[in-house]
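With mmCIF, C-alpha atoms inside, this is data-v7.cif:
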```cif
data_protein
loop_
_atom_site.label_atom_id
_atom_site.label_comp_id
_atom_site.auth_asym_id
_atom_site.auth_seq_id
_atom_site.Cartn_x
_atom_site.Cartn_y
_atom_site.Cartn_z
CA MET A 1 0.00 0.00 0.00
CA SER A 2 1.39 3.42 -0.91
CA ASP A 3 1.99 6.02 1.78
CA ASN A 4 -0.81 8.19 0.36
CA SER A 5 -3.39 5.41 0.48
CA GLN A 6 -2.14 4.32 3.91
CA ILE A 7 -2.46 7.91 5.18
CA SER A 8 -5.98 8.17 3.76
CA THR A 9 -6.94 4.85 5.33
CA LEU A 10 -5.59 5.91 8.72
CA LEU A 11 -7.43 9.24 8.58
CA GLN A 12 -10.69 7.52 7.62
CA LYS A 13 -10.14 5.07 10.48
CA ALA A 14 -9.52 7.95 12.91
CA TRP A 15 -12.71 9.71 11.80
CA SER A 16 -14.70 6.51 12.24
CA GLN A 17 -13.17 5.89 15.67
CA ARG A 18 -14.03 9.46 16.67
CA GLY A 19 -17.63 8.81 15.62
CA GLN A 20 -17.67 5.83 17.96
CA GLY A 21 -16.23 7.89 20.82
CA LEU A 22 -12.92 6.00 20.72
CA TYR A 23 -10.76 9.11 21.05
CA LYS A 24 -7.57 7.42 22.31
CA LYS A 25 -7.56 5.01 19.38
CA ALA A 26 -8.46 7.82 16.98
CA LYS A 27 -5.56 9.94 18.21
CA VAL A 28 -3.18 7.03 17.63
CA SER A 29 -4.50 6.64 14.07
CA VAL A 30 -4.10 10.36 13.39
CA GLU A 31 -0.58 10.37 14.77
CA GLU A 32 0.35 7.36 12.63
CA ALA A 33 -0.97 9.23 9.59
CA ARG A 34 0.88 12.41 10.52
CA VAL A 35 4.17 10.55 10.83
CA LEU A 36 3.73 9.15 7.32
CA CYS A 37 3.07 12.60 5.82
CA ARG A 38 5.79 14.33 3.88
CA GLU A 39 6.04 18.14 3.89
CA SER A 40 4.41 18.12 0.45
CA ASP A 41 1.33 16.15 1.63
CA LEU A 42 -0.55 19.39 2.20
CA GLU A 43 -4.09 18.04 1.94
CA HIS A 44 -3.35 15.10 4.22
CA LEU A 45 -1.71 17.40 6.75
CA GLY A 46 -4.72 19.70 6.53
CA ARG A 47 -6.97 16.72 7.29
CA VAL A 48 -4.75 15.61 10.20
CA TYR A 49 -5.15 19.00 11.88
CA HIS A 50 -8.84 19.18 11.02
CA ILE A 51 -9.46 15.87 12.79
CA LEU A 52 -7.38 16.95 15.79
CA ALA A 53 -9.42 20.16 15.92
CA GLN A 54 -12.63 18.17 15.86
CA PHE A 55 -11.44 16.14 18.86
CA GLU A 56 -10.92 19.39 20.78
CA SER A 57 -14.23 20.83 19.65
CA ASP A 58 -16.05 17.65 20.68
CA HIS A 59 -14.70 18.25 24.19
CA ASP A 60 -15.59 21.97 24.24
CA GLN A 61 -11.93 23.01 23.99
CA TYR A 62 -12.73 25.75 21.49
CA GLU A 63 -9.50 27.77 21.79
CA ASP A 64 -7.42 24.68 21.03
CA ALA A 65 -9.80 23.67 18.26
CA LEU A 66 -9.54 27.12 16.69
CA GLU A 67 -5.74 27.03 16.64
CA LEU A 68 -5.74 23.56 15.10
CA LEU A 69 -8.28 24.65 12.50
CA LYS A 70 -6.11 27.60 11.55
CA THR A 71 -3.19 25.21 11.07
CA SER A 72 -5.41 22.96 8.96
CA GLN A 73 -6.54 25.94 6.91
CA SER A 74 -2.94 27.01 6.28
CA PHE A 75 -2.12 23.60 4.79
CA TYR A 76 -5.23 23.75 2.61
CA GLN A 77 -4.35 27.26 1.48
CA ARG A 78 -0.89 26.07 0.47
CA SER A 79 -2.51 23.16 -1.41
CA GLY A 80 -4.76 25.54 -3.36
CA ASN A 81 -7.83 23.30 -2.90
CA SER A 82 -10.63 25.86 -2.67
CA ASN A 83 -13.21 23.37 -1.37
CA LYS A 84 -10.92 22.37 1.50
CA ILE A 85 -10.14 26.04 2.21
CA ALA A 86 -13.87 26.78 2.27
CA HIS A 87 -14.53 23.80 4.55
CA SER A 88 -11.85 24.78 7.06
CA THR A 89 -12.94 28.42 6.94
CA ARG A 90 -16.52 27.36 7.71
CA HIS A 91 -15.32 25.33 10.69
CA ILE A 92 -13.32 28.32 11.95
CA ALA A 93 -16.49 30.41 11.68
CA ASP A 94 -18.46 27.76 13.58
CA ILE A 95 -15.99 27.94 16.48
CA GLN A 96 -15.92 31.74 16.41
CA SER A 97 -19.70 31.74 16.53
CA LEU A 98 -19.69 29.37 19.51
CA GLN A 99 -17.24 31.71 21.24
CA GLY A 100 -19.47 34.72 20.57
CA ASP A 101 -17.07 36.35 18.09
CA LEU A 102 -19.94 36.92 15.69
CA LYS A 103 -18.31 39.62 13.56
CA ALA A 104 -15.32 37.38 12.76
CA ALA A 105 -17.64 34.41 12.25
CA LYS A 106 -19.79 36.35 9.79
CA THR A 107 -16.68 37.36 7.84
CA ASN A 108 -15.46 33.76 7.68
CA TYR A 109 -18.87 32.39 6.71
CA THR A 110 -18.96 34.94 3.90
CA VAL A 111 -15.51 33.88 2.70
CA ALA A 112 -16.45 30.18 2.85
CA LEU A 113 -19.67 30.78 0.92
CA GLU A 114 -17.86 32.80 -1.76
CA LEU A 115 -15.33 29.99 -2.17
CA TYR A 116 -18.06 27.36 -2.42
CA ARG A 117 -20.03 29.44 -4.92
CA SER A 118 -16.99 29.99 -7.13
CA ALA A 119 -15.85 26.35 -7.06
CA PRO A 120 -16.59 24.23 -10.14
CA ILE A 121 -18.19 21.58 -7.89
CA THR A 122 -19.57 22.08 -4.40
CA HIS A 123 -21.56 19.41 -2.61
CA SER A 124 -24.99 20.54 -1.48
CA LEU A 125 -24.35 19.35 2.06
CA ASP A 126 -21.19 21.47 2.33
CA MET A 127 -23.07 24.51 1.06
CA ALA A 128 -26.04 23.80 3.33
CA ASN A 129 -23.85 23.47 6.42
CA ALA A 130 -22.03 26.72 5.66
CA LEU A 131 -25.31 28.51 5.02
CA ARG A 132 -26.83 27.13 8.21
CA GLY A 133 -23.97 28.51 10.30
CA TYR A 134 -24.18 31.82 8.47
CA ALA A 135 -27.95 32.03 9.03
CA CYS A 136 -27.56 31.29 12.75
CA CYS A 137 -24.84 33.93 12.99
CA LEU A 138 -27.06 36.49 11.25
CA GLU A 139 -29.86 35.70 13.67
CA SER A 140 -27.53 36.27 16.63
CA LEU A 141 -26.54 39.60 15.09
CA THR A 142 -30.29 40.43 14.77
CA GLU A 143 -29.92 40.76 10.99
CA TYR A 144 -33.25 39.02 10.52
CA LYS A 145 -33.99 39.88 6.89
CA GLN A 146 -30.59 38.53 5.78
CA ALA A 147 -31.05 35.51 8.07
CA ILE A 148 -34.36 34.64 6.41
CA SER A 149 -32.71 34.82 3.01
CA ALA A 150 -29.85 32.59 4.20
CA TRP A 151 -32.29 30.10 5.72
CA LYS A 152 -34.21 29.93 2.43
CA GLU A 153 -31.04 29.07 0.57
CA THR A 154 -30.07 26.64 3.34
CA ARG A 155 -33.39 24.84 2.90
CA VAL A 156 -32.80 24.44 -0.84
CA HIS A 157 -29.39 22.88 -0.31
CA TYR A 158 -30.52 20.56 2.49
CA LYS A 159 -33.35 19.44 0.22
CA LEU A 160 -30.85 18.73 -2.58
CA ALA A 161 -28.67 16.81 -0.09
CA GLY A 162 -31.66 14.83 1.17
CA VAL A 163 -31.36 16.02 4.77
CA LYS A 164 -34.95 16.20 5.97
CA ALA A 165 -34.06 17.48 9.44
CA GLY A 166 -32.15 20.38 7.85
CA VAL A 167 -35.10 21.21 5.59
CA LYS A 168 -37.44 21.19 8.59
CA GLU A 169 -35.13 23.32 10.74
CA ALA A 170 -34.74 25.89 7.95
CA GLY A 171 -38.50 26.03 7.45
CA ASP A 172 -39.10 26.46 11.16
CA ARG A 173 -36.49 29.25 11.40
CA ILE A 174 -37.98 31.07 8.38
CA SER A 175 -41.43 30.86 9.96
CA SER A 176 -40.18 32.07 13.34
CA LEU A 177 -38.13 34.94 11.92
CA SER A 178 -40.96 36.06 9.65
CA LYS A 179 -43.00 36.85 12.77
CA LEU A 180 -40.43 39.33 14.10
#
```
Serialized structure, structure tokens:
Amino acid sequence: MSDNSQISTLLQKAWSQRGQGLYKKAKVSVEEARVLCRESDLEHLGRVYHILAQFESDHDQYEDALELLKTSQSFYQRSGNSNKIAHSTRHIADIQSLQGDLKAAKTNYTVALELYRSAPITHSLDMANALRGYACCLESLTEYKQAISAWKETRVHYKLAGVKAGVKEAGDRISSLSKL
């Protein structure tokens, strides 16, 4: 097995272990992947730090998660992969929003959405998740008209992705905000 496929396999294993709550095993898998990475494996290194950030976020360690996400983003920026840059930027915005840094979060959601919109291919779920965070941020900033618009677009993308819970949430938020 080539190093690249072995790294990918280890990162997928780590993500799966994380989903099962097996954080110690997942951290070992991530570390094994990191050791195999060369300096030029920018996307793999970006993923390594993204997964490490998710571990921290899962345990409400938002400052640590934010720093790891910024490291992940820097690898993705060096790789030039706009979808990965958008994804990491959206996650940074999510953490900033959780921390109450809504102005910075709004800026990063805007950047992520611009990157997704300009990419040749963007998955509906990625767009929906970015839009959802953006809409929530706008609500917190009491920018209700813009939030309604964002929720409407969110609903479209969740529908395209087949995420019924997302479609329902967006509909509920539109209804609630329309009463304000």
- request: Have a look at A:Asp58, A:Glu114, A:Glu63, A:Glu153 and name the one nearest to A:Ser82; count all atoms listed in the file.
  value: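 Using all atoms listed in the file, the shortest distance to A:Ser82 belongs to A:Glu114.
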Please list as a PyMOL selection string every residue within 9 Å of A:Lys13, counting all atoms listed in the file and excluding residues in the same chain fewer than 4 positions away. chain A and resi 8-9+17-18+26+29-30
Store the residues picked out above, limited to C-alpha atoms, as a compact mmCIF listing (two decimals), keeping the file's coordinate frame.
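Output below, filename again-v8.txt:
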```txt
# COMPACT_ATOMS: atom_id res chain seq x y z
CA SER A 8 -5.98 8.17 3.76
CA THR A 9 -6.94 4.85 5.33
CA GLN A 17 -13.17 5.89 15.67
CA ARG A 18 -14.03 9.46 16.67
CA ALA A 26 -8.46 7.82 16.98
CA SER A 29 -4.50 6.64 14.07
CA VAL A 30 -4.10 10.36 13.39
```
Taking all atoms listed in the file into account, name the residue in A:His91, A:Arg38, A:Arg155, A:Lys106 that is nearest to A:Ser124.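 Using all atoms listed in the file, the shortest distance to A:Ser124 belongs to A:Arg155.
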Q.
Could you tell me, as number ranges by chain, exactly which residues end up selected when the PyMOL selection byres ((chain A and resi 10) around 12) is applied to this structure?
A. A: 1, 3-9, 11-17, 25-37, 44, 47-48, 51
At a cut-off of 6 Å, using all atoms listed in the file, what residues contact A:Tyr76? Leave out same-chain residues fewer than 2 positions from it and give the result as a compact mmCIF listing (two decimals) with C-alpha atoms, in the frame of the given file.
```
# COMPACT_ATOMS: atom_id res chain seq x y z
CA GLU A 43 -4.09 18.04 1.94
CA GLY A 46 -4.72 19.70 6.53
CA GLN A 73 -6.54 25.94 6.91
CA SER A 74 -2.94 27.01 6.28
CA ARG A 78 -0.89 26.07 0.47
CA SER A 79 -2.51 23.16 -1.41
CA LYS A 84 -10.92 22.37 1.50
CA ILE A 85 -10.14 26.04 2.21
```
Convert the output of the PyMOL selection byres ((chain A and resi 164-172) around 7) on the shown file into explicit residues, formatted as a CSV table (one decimal) with C-alpha atoms, keeping the file's coordinate frame.
```
chain,number,residue,atom,x,y,z
A,151,TRP,CA,-32.3,30.1,5.7
A,152,LYS,CA,-34.2,29.9,2.4
A,154,THR,CA,-30.1,26.6,3.3
A,155,ARG,CA,-33.4,24.8,2.9
A,158,TYR,CA,-30.5,20.6,2.5
A,159,LYS,CA,-33.4,19.4,0.2
A,162,GLY,CA,-31.7,14.8,1.2
A,163,VAL,CA,-31.4,16.0,4.8
A,173,ARG,CA,-36.5,29.2,11.4
A,174,ILE,CA,-38.0,31.1,8.4
A,175,SER,CA,-41.4,30.9,10.0
A,176,SER,CA,-40.2,32.1,13.3
```
Margin query: Residue by residue, what does the PyMOL selection byres ((chain A and resi 135-147) around 9) grab here? Present the result as a list in words.
Written below: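 Those residues are Asp94, Ser97, Leu102, Lys103, Ala105, Lys106, Tyr109, Ala130, Leu131, Arg132, Gly133, Tyr134, Ile148, Ser149, Ala150, Trp151, Lys152, Thr154, Arg173, Ile174, Leu177, Ser178 and Leu180 of chain A.
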One decimal place gives the atom CA of A:Leu52-atom CA of A:Arg90 separation as 16.0 Å
Shortest contact to A:Leu22, candidates A:His87, A:Asp64, A:Ala161, A:Phe55, atoms counted all atoms listed in the file, goes to A:Phe55
Nearest to A:Tyr23, chosen from A:Asp126, A:Asp101, A:Glu39, A:Glu56, with all atoms listed in the file counted in the distances: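 Closest to A:Tyr23, using all atoms listed in the file: A:Glu56.
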* Hey, can you check how far atom CA of A:Pro120 sits from atom CA of A:Gln96? ->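 Between atom CA of A:Pro120 and atom CA of A:Gln96 the gap works out to 27.6 Å.
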- [ ] Kindly give the distance, in Å, that separates atom CA of A:Ala86 and atom CA of A:Thr71, rounded to a single decimal.
- [x]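 Interatomic distance here is 13.9 Å.
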Neighbouring residues of A:Asn83 were defined as those with any atom within 10 Å, considering only C-alpha atoms; residues of the same chain fewer than 3 positions away were excluded. Please report them as a short mmCIF file (atom, residue, chain, number, x, y, z; two decimals) with C-alpha atoms, keeping the file's coordinate frame.
```cif
data_model
loop_
_atom_site.label_atom_id
_atom_site.label_comp_id
_atom_site.auth_asym_id
_atom_site.auth_seq_id
_atom_site.Cartn_x
_atom_site.Cartn_y
_atom_site.Cartn_z
CA TYR A 76 -5.23 23.75 2.61
CA GLY A 80 -4.76 25.54 -3.36
CA ALA A 86 -13.87 26.78 2.27
CA HIS A 87 -14.53 23.80 4.55
CA SER A 88 -11.85 24.78 7.06
CA THR A 89 -12.94 28.42 6.94
CA ALA A 112 -16.45 30.18 2.85
CA LEU A 115 -15.33 29.99 -2.17
CA TYR A 116 -18.06 27.36 -2.42
CA ARG A 117 -20.03 29.44 -4.92
CA SER A 118 -16.99 29.99 -7.13
CA ALA A 119 -15.85 26.35 -7.06
CA PRO A 120 -16.59 24.23 -10.14
CA ILE A 121 -18.19 21.58 -7.89
CA THR A 122 -19.57 22.08 -4.40
CA HIS A 123 -21.56 19.41 -2.61
CA ASP A 126 -21.19 21.47 2.33
#
```
**OP:** Can you pull out every residue within 8 Å of A:Leu68, counting only C-alpha atoms, but drop anything in the same chain fewer than 5 positions away, and send it as a list in words?
**Re:**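 Listed by chain and then number, they are Tyr49, His50, Leu52 and Ala53 of chain A.
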